[in-house]
Structures are given as C-alpha cells and as structure tokens.
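Here is the structure we will look at, set down as structure tokens.
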Amino acid sequence: MTFWGVMTLILMIVAGAVSFIPVLPGPALVWAIGLIYAAATGFAEVSVTAVVWMTLLMIIGSTADWWTKLFGLGAEGSLSCGSFAVSTIGAIAGTFLIPIPVVGTLLGAAAGVAMLVFYQEENWQKALVAARGIMVAWIATFFIEFAISLGIVTIFARTLLDAWGMFG
C-alpha cells in the first residue's frame, strides 16, 4: 500500500462527488485521476485492462446528458435540442445568480427552458411542464454520472488492492 495510491483513491472519491455539480464532468475527472496514477506507475498496479474498462465507463458517463434523452428523459415537456442548450445556459446563470449548490443550477435550467417554451408557445402550462421535464432529466443525469463515477473508482480500487495483495 502506497501513500500516493491511497491519496489517488481519495481524490477519485472526491472527484466522484463533483458529478453533482453541473457543467463539471465528474466521470471524466475520476477517470483522469486514475489514468494519471496508472501511467505514473507504469501500469504496474492498475492494469491496462482496468484502464480500458474505466475508459468505457467514462465515455458512457460523460455522454449521459445526450444518451439519456434517447431514453425519454426530458420528454415530458417535448423538449427540443434548443431547450437543452438553453437549459445549460440557464444552469450556468442559475449557479451564479442563486449560489446555493445544485439548487441554483436546477432552478436556472428550469427557468431558462420555461422562458424559451413560453416564448415559443405563449402557454405557461406548457412552459411549466417543460421546466419540470428538464429538472427530471438533469437530476437523473446527476445520479447516472455519480453511479458511473463510483464504478470507475470501484474498478480502480479493486485492481489497486489486488496489486497490493489485499484481494484475491
């Protein structure tokens, strides 16, 4: 067991929590930390196979905003691609205008979409349904990214503990 191995594992866990901060790529951060350690140790403790699996999970997690829409997240308000772009702008604005972690971001995303849909449809009911739909999509994506980040940490920890003779 090495100091840097333990520190890397702790950093990866902290980076996994970043998944709940919108706009920051939690799975990519977790993966990058693990990859740097694996490369620095010459893949002696973390195998290339483990890095490949971590990379696949990172790709899935980092693209969750896009592929979750294919499974209907956000469909409640029949959201367009423009709605998702506006939700991102609203989320960034909400993060700074309402500096309550996650809450400001979600409210900003919802407000942005509501304003866009109201502008297009001139119907507050449709605007509120769209706002609720984007909030559901964002919250689900947060949890998916967090779960995938934990998966990356688990693969890393398993191979690290195995290399240290603490597993199998």
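Ordering of the structure tokens sets the chain letters (A, B, ...); residue numbers start at 1 within each chain; ligands are numbered from 1 in the order shown.
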Residues flagged helix (DSSP H, G or I) by DSSP in stretch 11-143 of chain A, as a PyMOL selection string = chain A and resi 11-20+26-40+48-62+64-70+75-77+81-97+103-121+124-143
Keeping only C-alpha atoms, write the selected residues as a short mmCIF file (atom, residue, chain, number, x, y, z; two decimals), in the first residue's frame.
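Contents of the output file result13.cif:
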data_model
loop_
_atom_site.label_atom_id
_atom_site.label_comp_id
_atom_site.auth_asym_id
_atom_site.auth_seq_id
_atom_site.Cartn_x
_atom_site.Cartn_y
_atom_site.Cartn_z
CA LEU A 11 -9.05 12.15 -4.82
CA MET A 12 -11.11 9.91 -7.10
CA ILE A 13 -13.87 9.63 -4.48
CA VAL A 14 -13.93 13.41 -4.02
CA ALA A 15 -13.99 13.90 -7.80
CA GLY A 16 -16.95 11.49 -7.98
CA ALA A 17 -18.91 13.87 -5.77
CA VAL A 18 -18.26 16.53 -8.43
CA SER A 19 -20.83 14.72 -10.58
CA PHE A 20 -23.49 16.61 -8.64
CA GLY A 26 -17.41 14.05 -12.77
CA PRO A 27 -16.73 10.76 -14.60
CA ALA A 28 -14.00 12.35 -16.72
CA LEU A 29 -12.29 13.80 -13.64
CA VAL A 30 -12.39 10.48 -11.80
CA TRP A 31 -11.05 8.69 -14.87
CA ALA A 32 -8.27 11.24 -15.44
CA ILE A 33 -7.04 10.93 -11.86
CA GLY A 34 -6.96 7.13 -12.13
CA LEU A 35 -5.30 7.24 -15.55
CA ILE A 36 -2.56 9.59 -14.33
CA TYR A 37 -1.78 7.25 -11.43
CA ALA A 38 -1.83 4.17 -13.69
CA ALA A 39 0.52 5.82 -16.20
CA ALA A 40 2.80 7.17 -13.45
CA VAL A 48 -4.23 -1.69 -18.96
CA THR A 49 -7.37 -3.84 -18.90
CA ALA A 50 -8.68 -1.93 -15.88
CA VAL A 51 -7.91 1.36 -17.63
CA VAL A 52 -9.83 0.21 -20.71
CA TRP A 53 -12.88 -0.60 -18.55
CA MET A 54 -12.52 2.71 -16.73
CA THR A 55 -12.34 4.48 -20.11
CA LEU A 56 -15.51 2.80 -21.36
CA LEU A 57 -17.37 3.83 -18.21
CA MET A 58 -16.00 7.37 -18.51
CA ILE A 59 -17.31 7.65 -22.08
CA ILE A 60 -20.74 6.37 -21.02
CA GLY A 61 -20.85 8.74 -18.03
CA SER A 62 -19.52 11.77 -19.88
CA ALA A 64 -25.06 10.75 -20.27
CA ASP A 65 -26.55 14.17 -21.00
CA TRP A 66 -27.04 13.09 -24.60
CA TRP A 67 -27.96 9.41 -24.47
CA THR A 68 -30.44 9.76 -21.59
CA LYS A 69 -32.55 11.91 -23.90
CA LEU A 70 -32.79 8.92 -26.27
CA ALA A 75 -39.60 14.07 -22.97
CA GLU A 76 -42.29 15.15 -20.54
CA GLY A 77 -42.18 18.64 -21.96
CA CYS A 81 -32.35 20.39 -28.82
CA GLY A 82 -32.59 24.15 -28.35
CA SER A 83 -34.25 23.57 -24.99
CA PHE A 84 -31.28 21.54 -23.81
CA ALA A 85 -28.89 24.26 -24.97
CA VAL A 86 -30.95 26.93 -23.20
CA SER A 87 -31.09 24.75 -20.07
CA THR A 88 -27.29 24.70 -19.98
CA ILE A 89 -27.10 28.47 -20.29
CA GLY A 90 -29.81 28.83 -17.63
CA ALA A 91 -27.98 26.37 -15.38
CA ILE A 92 -24.76 28.36 -15.58
CA ALA A 93 -26.64 31.61 -14.89
CA GLY A 94 -28.54 29.99 -12.01
CA THR A 95 -25.32 28.71 -10.48
CA PHE A 96 -24.03 32.27 -10.16
CA LEU A 97 -27.31 34.13 -9.53
CA VAL A 103 -30.47 24.25 -6.34
CA GLY A 104 -29.45 27.41 -8.19
CA THR A 105 -28.29 25.36 -11.13
CA LEU A 106 -31.53 23.37 -11.38
CA LEU A 107 -33.69 26.45 -10.98
CA GLY A 108 -31.66 28.28 -13.63
CA ALA A 109 -32.02 25.38 -16.08
CA ALA A 110 -35.76 25.15 -15.43
CA ALA A 111 -36.26 28.92 -15.72
CA GLY A 112 -34.34 29.05 -19.00
CA VAL A 113 -36.44 26.29 -20.53
CA ALA A 114 -39.68 27.74 -19.18
CA MET A 115 -38.91 31.12 -20.73
CA LEU A 116 -37.98 29.55 -24.07
CA VAL A 117 -41.12 27.40 -24.22
CA PHE A 118 -43.32 30.30 -23.15
CA TYR A 119 -41.72 32.47 -25.84
CA GLN A 120 -42.40 29.78 -28.47
CA GLU A 121 -45.85 28.62 -27.33
CA TRP A 124 -47.45 28.95 -19.19
CA GLN A 125 -48.77 25.44 -18.59
CA LYS A 126 -46.58 24.02 -21.37
CA ALA A 127 -43.68 26.11 -20.09
CA LEU A 128 -44.03 24.67 -16.57
CA VAL A 129 -44.30 21.10 -17.90
CA ALA A 130 -41.11 21.66 -19.91
CA ALA A 131 -39.37 23.10 -16.84
CA ARG A 132 -40.34 20.04 -14.80
CA GLY A 133 -39.16 17.77 -17.62
CA ILE A 134 -35.73 19.39 -17.77
CA MET A 135 -35.35 19.19 -13.99
CA VAL A 136 -36.13 15.46 -14.07
CA ALA A 137 -33.60 14.99 -16.89
CA TRP A 138 -30.88 16.92 -15.05
CA ILE A 139 -31.43 15.15 -11.73
CA ALA A 140 -31.43 11.71 -13.37
CA THR A 141 -28.24 12.56 -15.25
CA PHE A 142 -26.57 13.67 -12.00
CA PHE A 143 -27.29 10.30 -10.41
#
Within 10 Å of A:Thr154 using only C-alpha atoms, minus same-chain residues under 4 positions, as a short mmCIF file (atom, residue, chain, number, x, y, z; two decimals) with C-alpha atoms, in the first residue's frame:
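Here's the written file around_13.cif:
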data_model
loop_
_atom_site.label_atom_id
_atom_site.label_comp_id
_atom_site.auth_asym_id
_atom_site.auth_seq_id
_atom_site.Cartn_x
_atom_site.Cartn_y
_atom_site.Cartn_z
CA LEU A 9 -8.20 6.79 -4.36
CA MET A 12 -11.11 9.91 -7.10
CA ILE A 13 -13.87 9.63 -4.48
CA MET A 54 -12.52 2.71 -16.73
CA ILE A 148 -20.68 5.66 -13.16
CA SER A 149 -18.02 7.62 -11.26
CA LEU A 150 -18.38 5.12 -8.42
CA ARG A 158 -10.21 -3.40 -6.94
CA THR A 159 -7.14 -3.57 -9.19
CA LEU A 160 -5.07 -1.45 -6.79
#
Can you work out the spacing between atom CA of A:Asp162 and atom CA of A:Val46 in Å, to one decimal?
-> 9.0 Å
Atom CA of A:Leu24 and atom CA of A:Ile144, how far apart in Å?
-> 13.9 Å
